[in-house]
>>> print(open('model-v1.tsv').read())   # TSV, C-alpha atoms and all ligand atoms
chain	number	residue	atom	x	y	z
A	1	MET	CA	122.60	74.30	240.11
A	2	SER	CA	122.00	70.76	241.31
A	3	ARG	CA	120.14	69.49	244.34
A	4	TRP	CA	120.32	65.97	245.78
A	5	PHE	CA	118.93	64.19	248.79
A	6	ALA	CA	120.62	61.24	250.51
A	7	PRO	CA	119.16	59.38	253.48
A	8	GLY	CA	120.41	58.23	256.85
A	9	ARG	CA	120.21	54.51	257.55
A	10	ILE	CA	119.36	51.90	260.09
A	11	ASN	CA	121.29	48.70	260.18
A	12	LEU	CA	118.73	45.93	260.54
A	13	ILE	CA	121.38	43.36	261.42
A	14	GLY	CA	125.12	42.76	260.91
A	15	GLU	CA	127.12	44.82	263.38
A	16	HIS	CA	130.92	45.18	263.22
A	17	THR	CA	130.90	42.66	260.38
A	18	ASP	CA	131.66	45.25	257.69
A	19	TYR	CA	135.36	45.67	258.42
A	20	ASN	CA	135.63	41.88	258.71
A	21	ASP	CA	134.72	41.57	255.01
A	22	GLY	CA	131.35	40.17	256.09
A	23	PHE	CA	127.65	40.82	255.59
A	24	VAL	CA	125.32	43.63	256.63
A	25	LEU	CA	121.63	44.34	256.08
A	26	PRO	CA	120.90	48.07	256.43
A	27	LEU	CA	117.96	50.06	255.11
A	28	ALA	CA	117.72	53.68	254.00
A	29	LEU	CA	115.52	55.93	256.14
A	30	PRO	CA	113.00	58.57	255.07
A	31	MET	CA	115.11	61.18	256.91
A	32	GLY	CA	118.22	62.52	255.25
A	33	CYS	CA	120.27	65.45	253.98
A	34	ALA	CA	119.47	67.74	251.04
A	35	THR	CA	122.44	69.40	249.35
A	36	THR	CA	122.41	72.23	246.84
A	37	VAL	CA	125.51	72.92	244.77
A	38	ALA	CA	125.67	76.11	242.70
A	39	ALA	CA	128.32	77.91	240.69
A	40	ALA	CA	129.93	80.84	242.54
A	41	ASP	CA	132.24	83.74	241.69
A	42	ALA	CA	135.23	82.76	243.77
A	43	ARG	CA	136.38	80.15	246.26
A	44	TRP	CA	134.39	77.33	247.85
A	45	THR	CA	131.68	78.29	250.33
A	46	VAL	CA	129.93	75.78	252.58
A	47	VAL	CA	126.80	76.43	254.63
A	48	SER	CA	124.86	74.05	256.87
A	49	ALA	CA	121.37	74.79	258.15
A	50	GLN	CA	122.47	73.00	261.31
A	51	GLU	CA	125.63	75.08	261.90
A	52	ASP	CA	126.31	78.79	262.35
A	53	GLY	CA	128.11	80.83	259.73
A	54	GLU	CA	129.68	80.18	256.36
A	55	VAL	CA	132.94	78.38	255.75
A	56	VAL	CA	134.88	79.90	252.86
A	57	VAL	CA	138.10	78.31	251.60
A	58	THR	CA	140.57	78.58	248.75
A	59	PRO	CA	140.39	75.63	246.34
A	60	SER	CA	143.11	73.07	247.07
A	61	GLY	CA	143.87	69.38	247.49
A	62	LEU	CA	143.81	67.42	250.73
A	63	SER	CA	147.35	68.32	251.73
A	64	GLY	CA	146.85	72.05	251.15
A	65	ARG	CA	143.51	72.26	252.87
A	66	ASP	CA	142.59	75.22	255.05
A	67	ASP	CA	141.85	74.71	258.71
A	68	VAL	CA	138.04	74.44	258.92
A	69	PRO	CA	135.51	73.33	261.55
A	70	ASP	CA	135.22	69.52	261.73
A	71	TRP	CA	131.73	69.42	260.23
A	72	ALA	CA	132.87	71.25	257.08
A	73	THR	CA	135.44	68.53	256.31
A	74	TYR	CA	132.50	66.19	255.53
A	75	VAL	CA	131.56	68.59	252.72
A	76	LEU	CA	134.90	69.96	251.58
A	77	GLY	CA	136.45	66.48	251.69
A	78	ALA	CA	134.87	65.62	248.35
A	79	LEU	CA	136.22	68.83	246.78
A	80	TRP	CA	139.73	68.27	248.12
A	81	LEU	CA	139.78	64.67	246.88
A	82	LEU	CA	138.39	65.57	243.45
A	83	HIS	CA	141.07	68.26	243.17
A	84	ASP	CA	143.69	65.59	243.98
A	85	ASP	CA	142.14	63.34	241.33
A	86	GLY	CA	142.88	66.03	238.75
A	87	VAL	CA	139.36	67.42	238.45
A	88	ASP	CA	139.27	71.15	237.82
A	89	VAL	CA	136.71	72.05	240.50
A	90	PRO	CA	135.34	75.57	239.89
A	91	PRO	CA	134.22	78.04	242.59
A	92	LEU	CA	131.08	76.64	244.22
A	93	ARG	CA	128.57	77.37	246.92
A	94	ILE	CA	127.32	74.26	248.76
A	95	GLU	CA	124.34	74.35	251.11
A	96	VAL	CA	123.32	71.36	253.23
A	97	ASP	CA	120.25	70.76	255.38
A	98	SER	CA	119.63	67.51	257.25
A	99	ASP	CA	117.04	66.10	259.64
A	100	VAL	CA	119.14	63.09	260.67
A	101	PRO	CA	120.08	63.37	264.34
A	102	VAL	CA	123.84	63.65	264.68
A	103	GLY	CA	125.75	60.87	266.41
A	104	ALA	CA	122.66	58.73	267.04
A	105	GLY	CA	123.90	55.81	264.94
A	106	LEU	CA	121.60	56.74	262.04
A	107	SER	CA	124.50	57.90	259.90
A	108	SER	CA	124.00	61.61	259.58
A	109	SER	CA	127.54	61.63	258.20
A	110	ALA	CA	126.78	59.33	255.25
A	111	ALA	CA	123.57	61.26	254.49
A	112	LEU	CA	125.64	64.43	254.36
A	113	VAL	CA	128.59	63.06	252.42
A	114	CYS	CA	126.53	61.08	249.90
A	115	SER	CA	124.20	63.98	249.12
A	116	VAL	CA	127.21	66.24	248.58
A	117	VAL	CA	128.98	63.72	246.35
A	118	CYS	CA	125.85	63.07	244.25
A	119	ALA	CA	125.16	66.79	243.82
A	120	LEU	CA	128.79	67.41	242.83
A	121	ASP	CA	128.67	64.51	240.38
A	122	GLU	CA	125.76	66.14	238.59
A	123	GLN	CA	126.94	69.73	238.87
A	124	LEU	CA	130.41	68.97	237.53
A	125	GLY	CA	129.26	66.31	235.03
A	126	LEU	CA	131.64	63.74	236.56
A	127	ASP	CA	129.62	60.67	235.63
A	128	LEU	CA	131.13	58.70	238.50
A	129	GLY	CA	128.60	55.88	238.31
A	130	SER	CA	127.42	53.80	241.24
A	131	ASP	CA	130.84	52.39	242.17
A	132	GLY	CA	132.55	55.77	241.76
A	133	LEU	CA	130.01	57.54	243.96
A	134	LEU	CA	130.51	54.89	246.63
A	135	ALA	CA	134.29	55.06	246.42
A	136	LEU	CA	134.41	58.85	246.68
A	137	SER	CA	131.90	58.93	249.56
A	138	ARG	CA	133.96	56.39	251.47
A	139	ARG	CA	137.21	58.28	250.85
A	140	VAL	CA	135.63	61.46	252.20
A	141	GLU	CA	134.90	59.80	255.55
A	142	ASN	CA	138.06	57.66	255.66
A	143	ASP	CA	140.68	59.98	254.18
A	144	ALA	CA	139.39	63.53	254.58
A	145	VAL	CA	137.51	63.23	257.88
A	146	GLY	CA	139.68	60.40	259.17
A	147	ALA	CA	136.83	58.18	260.40
A	148	PRO	CA	137.70	54.48	259.92
A	149	THR	CA	134.17	53.47	258.91
A	150	GLY	CA	133.65	50.26	256.95
A	151	GLY	CA	131.51	51.47	254.04
A	152	MET	CA	128.10	50.13	254.98
A	153	ASP	CA	126.66	53.57	255.71
A	154	GLN	CA	127.48	54.97	252.29
A	155	LEU	CA	126.24	51.82	250.53
A	156	ALA	CA	122.87	52.06	252.27
A	157	SER	CA	122.55	55.80	251.67
A	158	LEU	CA	123.42	55.53	247.98
A	159	ARG	CA	121.72	52.28	247.02
A	160	GLY	CA	118.80	51.80	249.41
A	161	GLU	CA	115.44	50.99	247.83
A	162	ALA	CA	111.99	51.83	249.21
A	163	GLY	CA	110.32	48.83	250.87
A	164	HIS	CA	113.60	46.92	250.89
A	165	ALA	CA	116.64	46.29	253.00
A	166	LEU	CA	120.02	46.17	251.29
A	167	PHE	CA	121.98	42.95	251.66
A	168	CYS	CA	125.62	43.95	251.27
A	169	ASP	CA	128.70	41.80	250.88
A	170	MET	CA	131.40	44.02	252.34
A	171	ARG	CA	134.21	42.06	250.69
A	172	ASP	CA	133.31	42.95	247.12
A	173	LEU	CA	130.85	45.79	247.95
A	174	THR	CA	128.04	44.21	245.97
A	175	SER	CA	124.49	44.67	247.21
A	176	GLN	CA	121.07	43.21	246.60
A	177	SER	CA	117.68	44.58	247.63
A	178	VAL	CA	115.67	42.27	249.86
A	179	PRO	CA	111.94	42.91	250.49
A	180	PHE	CA	111.32	44.42	253.92
A	181	ASP	CA	107.65	45.13	254.54
A	182	PRO	CA	106.86	44.69	258.24
A	183	ALA	CA	103.46	46.38	257.82
A	184	ALA	CA	102.31	43.51	255.59
A	185	ALA	CA	102.91	41.22	258.59
A	186	GLY	CA	101.14	43.58	261.00
A	187	LEU	CA	104.47	44.77	262.38
A	188	THR	CA	106.27	48.09	262.80
A	189	LEU	CA	109.96	48.84	263.01
A	190	LEU	CA	110.27	51.00	266.12
A	191	VAL	CA	113.40	53.03	266.82
A	192	ALA	CA	114.40	54.30	270.25
A	193	ASP	CA	117.19	56.87	270.19
A	194	THR	CA	118.64	56.42	273.68
A	195	ARG	CA	120.57	59.70	273.38
A	196	ALA	CA	123.16	58.07	275.59
A	197	PRO	CA	126.44	59.91	275.27
A	198	HIS	CA	128.92	57.87	273.23
A	199	ARG	CA	131.45	56.81	275.84
A	200	HIS	CA	134.93	56.10	274.48
A	201	ALA	CA	133.27	55.01	271.23
A	202	ASP	CA	136.23	55.85	268.96
A	203	GLY	CA	138.86	54.10	271.08
A	204	GLU	CA	136.66	51.07	271.69
A	205	TYR	CA	135.78	50.80	267.98
A	206	ALA	CA	139.47	50.86	267.08
A	207	ALA	CA	140.21	48.25	269.75
A	208	ARG	CA	137.52	45.89	268.40
A	209	ARG	CA	138.81	46.37	264.89
A	210	ARG	CA	142.37	45.64	265.96
A	211	GLY	CA	141.24	42.58	267.94
A	212	CYS	CA	139.42	41.18	264.90
A	213	GLU	CA	142.51	41.70	262.73
A	214	GLN	CA	144.69	39.96	265.32
A	215	ALA	CA	142.27	37.04	265.52
A	216	ALA	CA	142.14	36.69	261.71
A	217	GLU	CA	145.92	36.66	261.59
A	218	ALA	CA	146.15	34.06	264.37
A	219	LEU	CA	143.65	31.90	262.49
A	220	GLY	CA	145.47	32.32	259.18
A	221	VAL	CA	142.54	33.86	257.30
A	222	ALA	CA	142.33	37.12	255.35
A	223	ALA	CA	139.36	38.27	257.44
A	224	LEU	CA	136.98	36.78	260.01
A	225	ARG	CA	134.40	36.40	257.25
A	226	ASP	CA	136.47	33.42	256.13
A	227	VAL	CA	135.71	31.49	259.32
A	228	ALA	CA	132.60	29.45	258.54
A	229	ASP	CA	129.90	29.21	261.19
A	230	ALA	CA	130.32	25.42	261.07
A	231	ASP	CA	134.04	25.78	261.90
A	232	LEU	CA	133.52	28.17	264.80
A	233	ASP	CA	134.32	25.71	267.61
A	234	ASP	CA	137.54	24.69	265.88
A	235	ALA	CA	138.55	28.30	265.42
A	236	LEU	CA	137.81	29.18	269.04
A	237	ALA	CA	139.89	26.21	270.23
A	238	ARG	CA	142.86	27.58	268.29
A	239	LEU	CA	142.75	30.92	270.11
A	240	ASP	CA	143.93	31.14	273.69
A	241	ASP	CA	142.94	34.74	274.31
A	242	GLU	CA	139.47	34.90	275.87
A	243	GLU	CA	138.80	38.38	274.50
A	244	LEU	CA	139.67	37.40	270.93
A	245	GLN	CA	137.52	34.28	271.28
A	246	ARG	CA	134.54	36.47	272.15
A	247	TYR	CA	135.19	38.80	269.22
A	248	VAL	CA	135.41	35.89	266.78
A	249	ARG	CA	132.24	34.32	268.15
A	250	HIS	CA	130.35	37.58	267.68
A	251	VAL	CA	131.53	38.23	264.13
A	252	VAL	CA	131.08	34.66	262.88
A	253	THR	CA	127.63	34.19	264.41
A	254	GLU	CA	126.57	37.70	263.32
A	255	ASP	CA	127.49	36.95	259.70
A	256	ALA	CA	125.41	33.76	259.95
A	257	ARG	CA	122.49	35.74	261.40
A	258	VAL	CA	122.60	38.20	258.49
A	259	LEU	CA	122.45	35.36	255.98
A	260	GLU	CA	119.54	33.82	257.88
A	261	ALA	CA	117.79	37.20	258.06
A	262	VAL	CA	118.08	37.53	254.28
A	263	ASP	CA	116.55	34.05	253.81
A	264	VAL	CA	113.75	34.88	256.22
A	265	LEU	CA	112.90	38.17	254.48
A	266	ARG	CA	113.08	36.65	251.00
A	267	ALA	CA	110.58	34.03	252.20
A	268	GLY	CA	108.29	36.82	253.42
A	269	ARG	CA	108.60	35.66	257.05
A	270	VAL	CA	109.28	39.06	258.64
A	271	ASP	CA	108.21	37.85	262.09
A	272	ASP	CA	111.02	35.28	262.07
A	273	LEU	CA	113.46	38.19	261.99
A	274	GLY	CA	112.62	38.88	265.65
A	275	PRO	CA	114.70	36.15	267.32
A	276	LEU	CA	117.66	36.99	265.08
A	277	LEU	CA	117.57	40.62	266.23
A	278	THR	CA	117.48	39.59	269.87
A	279	ALA	CA	120.29	37.07	269.40
A	280	SER	CA	122.34	39.78	267.69
A	281	HIS	CA	121.86	42.03	270.69
A	282	ALA	CA	122.93	39.32	273.15
A	283	SER	CA	126.04	38.73	271.04
A	284	MET	CA	126.92	42.46	271.03
A	285	ARG	CA	126.28	42.68	274.76
A	286	ASP	CA	128.00	39.51	275.99
A	287	ASP	CA	130.63	38.67	273.37
A	288	PHE	CA	131.56	41.90	271.60
A	289	GLN	CA	130.76	44.00	274.69
A	290	ILE	CA	129.77	47.17	272.86
A	291	THR	CA	126.45	47.93	274.54
A	292	VAL	CA	125.79	50.31	277.44
A	293	PRO	CA	123.08	50.20	280.15
A	294	GLU	CA	120.80	52.56	278.20
A	295	VAL	CA	120.63	50.35	275.10
A	296	ASP	CA	120.28	47.15	277.15
A	297	THR	CA	117.44	48.77	279.08
A	298	ALA	CA	115.67	49.86	275.87
A	299	VAL	CA	115.97	46.35	274.39
A	300	GLU	CA	114.58	44.75	277.56
A	301	ALA	CA	111.71	47.25	277.65
A	302	LEU	CA	110.77	46.60	274.02
A	303	LEU	CA	110.86	42.83	274.50
A	304	GLY	CA	108.82	43.17	277.69
A	305	ALA	CA	106.22	45.17	275.76
A	306	GLY	CA	105.75	42.45	273.16
A	307	ALA	CA	108.42	43.15	270.55
A	308	LEU	CA	109.23	40.03	268.51
A	309	GLY	CA	112.88	41.04	268.66
A	310	ALA	CA	115.07	44.02	269.50
A	311	ARG	CA	118.70	45.06	269.21
A	312	MET	CA	121.06	47.98	269.36
A	313	THR	CA	121.85	49.27	265.86
A	314	GLY	CA	125.06	51.04	264.89
A	315	GLY	CA	128.60	50.86	266.18
A	316	GLY	CA	127.67	50.79	269.84
A	317	PHE	CA	128.40	52.51	273.15
A	318	GLY	CA	125.14	54.44	272.83
A	319	GLY	CA	122.91	55.31	269.90
A	320	CYS	CA	119.66	53.71	268.81
A	321	VAL	CA	117.79	50.49	269.50
A	322	ILE	CA	115.36	48.94	267.02
A	323	GLY	CA	112.43	46.67	267.81
A	324	LEU	CA	110.07	44.66	265.62
A	325	VAL	CA	106.76	45.46	267.28
A	326	PRO	CA	103.15	44.36	266.55
A	327	GLN	CA	101.30	47.40	265.19
A	328	ASP	CA	98.82	47.40	268.06
A	329	SER	CA	101.65	47.49	270.63
A	330	VAL	CA	103.59	50.43	269.19
A	331	ASP	CA	102.35	53.01	271.70
A	332	ALA	CA	102.75	50.63	274.64
A	333	ALA	CA	106.28	49.74	273.52
A	334	GLY	CA	107.27	53.41	273.29
A	335	ASP	CA	105.77	54.05	276.72
A	336	ALA	CA	107.64	51.06	278.14
A	337	VAL	CA	110.98	52.42	276.94
A	338	ARG	CA	110.25	55.90	278.34
A	339	ARG	CA	109.11	54.43	281.66
A	340	ALA	CA	112.15	52.18	281.97
A	341	PHE	CA	114.44	55.14	281.25
A	342	ALA	CA	112.71	57.30	283.85
A	343	GLU	CA	112.99	54.51	286.44
A	344	SER	CA	116.69	54.07	285.68
A	345	GLY	CA	117.38	57.80	285.88
A	346	PHE	CA	118.38	58.01	282.18
A	347	GLY	CA	117.54	61.04	280.01
A	348	GLU	CA	114.38	60.95	277.92
A	349	PRO	CA	114.71	58.78	274.79
A	350	THR	CA	113.20	59.69	271.40
A	351	VAL	CA	110.97	56.98	269.98
A	352	PHE	CA	109.81	56.91	266.37
A	353	THR	CA	108.77	54.43	263.68
A	354	ALA	CA	110.87	53.77	260.60
A	355	THR	CA	110.21	52.50	257.10
A	356	ALA	CA	112.62	51.52	254.36
A	357	ALA	CA	112.94	54.44	251.95
A	358	ALA	CA	114.81	55.08	248.71
A	359	GLY	CA	118.52	55.89	248.57
A	360	ALA	CA	120.14	59.02	247.13
A	361	ARG	CA	118.01	60.84	244.55
A	362	PRO	CA	117.62	64.26	242.93
A	363	ALA	CA	115.67	66.58	245.25
B	401	LIG	P1	126.52	59.63	262.75
B	401	LIG	O1	126.93	59.42	261.34
B	401	LIG	O2	126.24	58.34	263.46
B	401	LIG	O3	125.39	60.58	262.92
B	401	LIG	P2	129.19	60.66	262.92
B	401	LIG	O4	130.05	61.03	264.07
B	401	LIG	O5	129.67	59.65	261.96
B	401	LIG	O6	127.76	60.27	263.53
B	401	LIG	O7	128.87	61.96	262.06
B	401	LIG	C1	128.36	63.10	262.71
B	401	LIG	C2	129.09	64.33	262.21
B	401	LIG	O8	128.70	64.60	260.85
B	401	LIG	C3	128.71	65.58	262.97
B	401	LIG	O9	129.48	65.71	264.16
B	401	LIG	C4	129.02	66.67	261.95
B	401	LIG	O10	130.41	66.93	261.94
B	401	LIG	C5	128.66	66.00	260.64
B	401	LIG	N1	127.29	66.34	260.24
B	401	LIG	C6	126.24	65.52	260.09
B	401	LIG	N2	125.13	66.20	259.67
B	401	LIG	C7	125.51	67.48	259.54
B	401	LIG	C8	124.85	68.69	259.13
B	401	LIG	N3	123.55	68.69	258.80
B	401	LIG	N4	125.57	69.84	259.09
B	401	LIG	C9	126.86	69.84	259.44
B	401	LIG	N5	127.53	68.76	259.83
B	401	LIG	C10	126.89	67.59	259.89
B	402	MG	MG	128.67	58.37	260.72
>>> encode(input="model-v1.tsv", output="C-alpha cells", more="lines below")
Ligand code: ADP
Ligand code: MG
Amino acid sequence: MSRWFAPGRINLIGEHTDYNDGFVLPLALPMGCATTVAAADARWTVVSAQEDGEVVVTPSGLSGRDDVPDWATYVLGALWLLHDDGVDVPPLRIEVDSDVPVGAGLSSSAALVCSVVCALDEQLGLDLGSDGLLALSRRVENDAVGAPTGGMDQLASLRGEAGHALFCDMRDLTSQSVPFDPAAAGLTLLVADTRAPHRHADGEYAARRRGCEQAAEALGVAALRDVADADLDDALARLDDEELQRYVRHVVTEDARVLEAVDVLRAGRVDDLGPLLTASHASMRDDFQITVPEVDTAVEALLGAGALGARMTGGGFGGCVIGLVPQDSVDAAGDAVRRAFAESGFGEPTVFTATAAAGARPA
C-alpha cells in the first residue's frame, strides 16, 4: 500500500502566461488531497471521500475506457495512460480525500491528480522521476480529462517548497524556489474565495488561448513570451485588432511583472510585491477581461482595508482573490470583503489565510 499527499496551489502572479510559454509564480498550499493505493483482487476501484459510491472498472487503455463519472477520470486517467504506455497495471483500489474546494481556482484537480500519480509511482515501482511525474500528471488533465490546462498547477503541486514560491518557466518547465515569507515582513497572504459561479469559463479560456496564438502568429513569434516588454509598443503597432492588442499587452506586461516579483522576493522586499499584484489585477480586468464583479469587488475591498496589493488568482471568471495584508489588518480586511459582498447582494465569500507549504510528499 502507498499513501501520498499533494497540495492545491495559489498563483501569486502570472496569469494566462503559462500557455504563452511564459512565467508563473505559484505556491503550494497546506490544503490538498491524500491518496491511498492498495493492491486488490480484481479490477480497478476508485473511491472519493467527497463523492458517493465506488467506481469499478475493467483495466484498459484510454480508448477502451469505461464510461465513468467525470470526477473519476481524474483518477483513472493515470491508469489508462500507464496501460497505454505498456505498464502492466494490476488490480488496485484507490481512495482519495481532499480538503481543497472544488472549482475555486485553488487547483483541486492538480492536488487530486498529482497525489494519485505519486502514489501509483511508488505502488507500482515506476520510478518516473520529477519530470516523469509532471508529464504524466499533465497528460491526465489534458488527455484523459480533456482540460487544456497549461501545466502550472501540476508543477506547483509536485515541486512546491515550504516557505517558498515556485518560479516556473513554462517553456522548458524548469522551476526554482524563491523565498516567500510575508510573516517576516509583518504581512499575511489573505485569500477570499468569492464562490462566484464560473460563467462561461471554459469557452472564454479557449477564446483567450486562441487569441494569444493568433497574435503570436501575426507577430511572427513562437509564443507571446518572445515579445520583450521593451518591444511592446512596436508589437502593438503591428496588430490592428483591438482585442488582440489587449491580450498581448496583458501577457507581455504580466510576464514582466512575474520577473519583477521574483527579483523583489529574492531581495526580501515582500512589501514591494503589493503594487505588482494590483497591477496584475488591473491588467486582467481591463486588458484580458477575465474578471467578474465579485472578484473586482473583493480586490477593491481588500485595498480599501489596507492591503498592499490584491489580485484575482486563477484562470478567471470567478474563483479566489488574494491580498497582501498587514498582520494587524487581517480581520478588518476579511470583514471589508464580507461587507462589500453583502452590500452588492453577492453570496457570502470564504476568507482564509494562506502560507506556502511543501509539494507532494508521502502521507
Ligand atoms: P479546480 O482545479 O480549480 O478546483 P477543476 O475544474 O480544474 O477546478 O477541477 C475540479 C474537478 O476535479 C471536480 O469537478 C472533480 O471532478 C475533480 N475533483 C477535485 N477534487 C476531487 C475529489 N476530492 N474527489 C473527486 N473529484 C475531485
Ligand atoms: Mg483544475
>>> atom_distance(input="model-v1.tsv", atom1="CA of Ser115 (chain A)", atom2="CA of Ser175 (chain A)")
19.4 Å
>>> residues_near_ligand(input="model-v1.tsv", ligand="ligand MG 402 (chain B)", cutoff="7 Å", atoms="all atoms listed in the file", output="number ranges by chain")
A: 103, 105, 107-110
>>> atom_distance(input="model-v1.tsv", atom1="CA of Arg93 (chain A)", atom2="CA of Arg65 (chain A)")
16.9 Å
>>> closest_residue(input="model-v1.tsv", among="A:Thr73, A:Thr174, A:Thr355, A:Gln245", to="ligand LIG 401 (chain B)", atoms="all atoms listed in the file")
A:Thr73
>>> atom_distance(input="model-v1.tsv", atom1="CA of Arg257 (chain A)", atom2="CA of Gly8 (chain A)")
23.0 Å
>>> residues_around(input="model-v1.tsv", residues="Gln123 (chain A)", least_positions_apart="4", cutoff="7 Å", atoms="all atoms listed in the file", output="PyMOL selection string")
chain A and resi 1-2+37+119
>>> axis_aligned_box(input="model-v1.tsv", around="ligand LIG 401 (chain B)", padding_each_side="6 Å", output="AutoDock Vina command-line options")
--center_x 127.0 --center_y 64.1 --center_z 261.5 --size_x 18.9 --size_y 23.5 --size_z 17.4
>>> closest_atom_pairs(input="model-v1.tsv", of="region 213-302 of chain A", to="region 324-345 of chain A", cutoff="12 Å", atoms="only C-alpha atoms", output="CSV")
residue,atom,partner,partner_atom,distance
A:Val270,CA,A:Leu324,CA,9.0
A:Asp271,CA,A:Leu324,CA,7.9
A:Asp272,CA,A:Leu324,CA,10.1
A:Leu273,CA,A:Leu324,CA,8.2
A:Gly274,CA,A:Leu324,CA,6.3
A:Pro275,CA,A:Leu324,CA,9.8
A:Leu276,CA,A:Leu324,CA,10.8
A:Leu277,CA,A:Leu324,CA,8.5
A:Thr278,CA,A:Leu324,CA,9.9
A:Pro293,CA,A:Ser344,CA,9.3
A:Glu294,CA,A:Phe341,CA,7.5
A:Val295,CA,A:Phe341,CA,10.0
A:Asp296,CA,A:Val337,CA,10.7
A:Thr297,CA,A:Ala340,CA,6.9
A:Ala298,CA,A:Val337,CA,5.4
A:Val299,CA,A:Val337,CA,8.3
A:Glu300,CA,A:Val337,CA,8.5
A:Ala301,CA,A:Val337,CA,5.3
A:Leu302,CA,A:Ala333,CA,5.5
>>> residues_near_ligand(input="model-v1.tsv", ligand="ligand LIG 401 (chain B)", cutoff="9 Å", atoms="all atoms listed in the file", output="number ranges by chain")
A: 8, 32-34, 47-51, 69-75, 96-113, 141, 145, 147, 149, 153, 314-315, 319
>>> write_last_selection(input="model-v1.tsv", atoms="C-alpha atoms", output="mmCIF file, keeping the file's coordinate frame")
data_model
loop_
_atom_site.group_PDB
_atom_site.id
_atom_site.type_symbol
_atom_site.label_atom_id
_atom_site.label_comp_id
_atom_site.auth_asym_id
_atom_site.auth_seq_id
_atom_site.Cartn_x
_atom_site.Cartn_y
_atom_site.Cartn_z
ATOM 1 C CA GLY A 8 120.410 58.230 256.850
ATOM 2 C CA GLY A 32 118.220 62.520 255.250
ATOM 3 C CA CYS A 33 120.270 65.450 253.980
ATOM 4 C CA ALA A 34 119.470 67.740 251.040
ATOM 5 C CA VAL A 47 126.800 76.430 254.630
ATOM 6 C CA SER A 48 124.860 74.050 256.870
ATOM 7 C CA ALA A 49 121.370 74.790 258.150
ATOM 8 C CA GLN A 50 122.470 73.000 261.310
ATOM 9 C CA GLU A 51 125.630 75.080 261.900
ATOM 10 C CA PRO A 69 135.510 73.330 261.550
ATOM 11 C CA ASP A 70 135.220 69.520 261.730
ATOM 12 C CA TRP A 71 131.730 69.420 260.230
ATOM 13 C CA ALA A 72 132.870 71.250 257.080
ATOM 14 C CA THR A 73 135.440 68.530 256.310
ATOM 15 C CA TYR A 74 132.500 66.190 255.530
ATOM 16 C CA VAL A 75 131.560 68.590 252.720
ATOM 17 C CA VAL A 96 123.320 71.360 253.230
ATOM 18 C CA ASP A 97 120.250 70.760 255.380
ATOM 19 C CA SER A 98 119.630 67.510 257.250
ATOM 20 C CA ASP A 99 117.040 66.100 259.640
ATOM 21 C CA VAL A 100 119.140 63.090 260.670
ATOM 22 C CA PRO A 101 120.080 63.370 264.340
ATOM 23 C CA VAL A 102 123.840 63.650 264.680
ATOM 24 C CA GLY A 103 125.750 60.870 266.410
ATOM 25 C CA ALA A 104 122.660 58.730 267.040
ATOM 26 C CA GLY A 105 123.900 55.810 264.940
ATOM 27 C CA LEU A 106 121.600 56.740 262.040
ATOM 28 C CA SER A 107 124.500 57.900 259.900
ATOM 29 C CA SER A 108 124.000 61.610 259.580
ATOM 30 C CA SER A 109 127.540 61.630 258.200
ATOM 31 C CA ALA A 110 126.780 59.330 255.250
ATOM 32 C CA ALA A 111 123.570 61.260 254.490
ATOM 33 C CA LEU A 112 125.640 64.430 254.360
ATOM 34 C CA VAL A 113 128.590 63.060 252.420
ATOM 35 C CA GLU A 141 134.900 59.800 255.550
ATOM 36 C CA VAL A 145 137.510 63.230 257.880
ATOM 37 C CA ALA A 147 136.830 58.180 260.400
ATOM 38 C CA THR A 149 134.170 53.470 258.910
ATOM 39 C CA ASP A 153 126.660 53.570 255.710
ATOM 40 C CA GLY A 314 125.060 51.040 264.890
ATOM 41 C CA GLY A 315 128.600 50.860 266.180
ATOM 42 C CA GLY A 319 122.910 55.310 269.900
#
>>> closest_residue(input="model-v1.tsv", among="A:Ser63, A:Thr36, A:Thr17, A:Asn142", to="Leu120 (chain A)", atoms="all atoms listed in the file")
A:Thr36
>>> closest_residue(input="model-v1.tsv", among="A:Ala156, A:Ala192, A:Leu166, A:Val68", to="Thr353 (chain A)", atoms="only C-alpha atoms")
A:Ala192
>>> residues_around(input="model-v1.tsv", residues="region 200-205 of chain A", least_positions_apart="5", cutoff="10 Å", atoms="only C-alpha atoms", output="list in words")
His16, Ala147, Pro148, Thr149, Arg210, Gly211, Gln289, Ile290, Gly315, Gly316, Phe317 and Gly318 of chain A
>>> closest_residue(input="model-v1.tsv", among="A:Glu161, A:Asp21, A:Asp169, A:Glu95", to="Asp181 (chain A)", atoms="only C-alpha atoms")
A:Glu161
>>> closest_residue(input="model-v1.tsv", among="A:Val251, A:Ala357, A:Leu29, A:Leu81", to="Asp143 (chain A)", atoms="all atoms listed in the file")
A:Leu81
>>> residues_around(input="model-v1.tsv", residues="Asp66 (chain A)", least_positions_apart="6", cutoff="12 Å", atoms="only C-alpha atoms", output="mmCIF file with C-alpha atoms, in the coordinates of the input")
data_model
loop_
_atom_site.group_PDB
_atom_site.id
_atom_site.type_symbol
_atom_site.label_atom_id
_atom_site.label_comp_id
_atom_site.auth_asym_id
_atom_site.auth_seq_id
_atom_site.Cartn_x
_atom_site.Cartn_y
_atom_site.Cartn_z
ATOM 1 C CA ARG A 43 136.380 80.150 246.260
ATOM 2 C CA TRP A 44 134.390 77.330 247.850
ATOM 3 C CA VAL A 55 132.940 78.380 255.750
ATOM 4 C CA VAL A 56 134.880 79.900 252.860
ATOM 5 C CA VAL A 57 138.100 78.310 251.600
ATOM 6 C CA THR A 58 140.570 78.580 248.750
ATOM 7 C CA PRO A 59 140.390 75.630 246.340
ATOM 8 C CA SER A 60 143.110 73.070 247.070
ATOM 9 C CA ALA A 72 132.870 71.250 257.080
ATOM 10 C CA THR A 73 135.440 68.530 256.310
ATOM 11 C CA LEU A 76 134.900 69.960 251.580
ATOM 12 C CA GLY A 77 136.450 66.480 251.690
ATOM 13 C CA TRP A 80 139.730 68.270 248.120
#
>>> closest_residue(input="model-v1.tsv", among="A:Val252, A:Gly323, A:Trp4, A:Leu128", to="Ala305 (chain A)", atoms="only C-alpha atoms")
A:Gly323
>>> residues_near_point(input="model-v1.tsv", point="(130.2, 38.1, 271.3)", cutoff="7 Å", atoms="only C-alpha atoms", output="PyMOL selection string")
chain A and resi 246-247+249-250+283-289
>>> residues_near_point(input="model-v1.tsv", point="(139.2, 62.4, 242.7)", cutoff="12 Å", atoms="only C-alpha atoms", output="VMD selection string")
chain A and resid 61 to 62 77 to 89 117 120 to 121 126 128 132 to 133 135 to 140 143 to 144
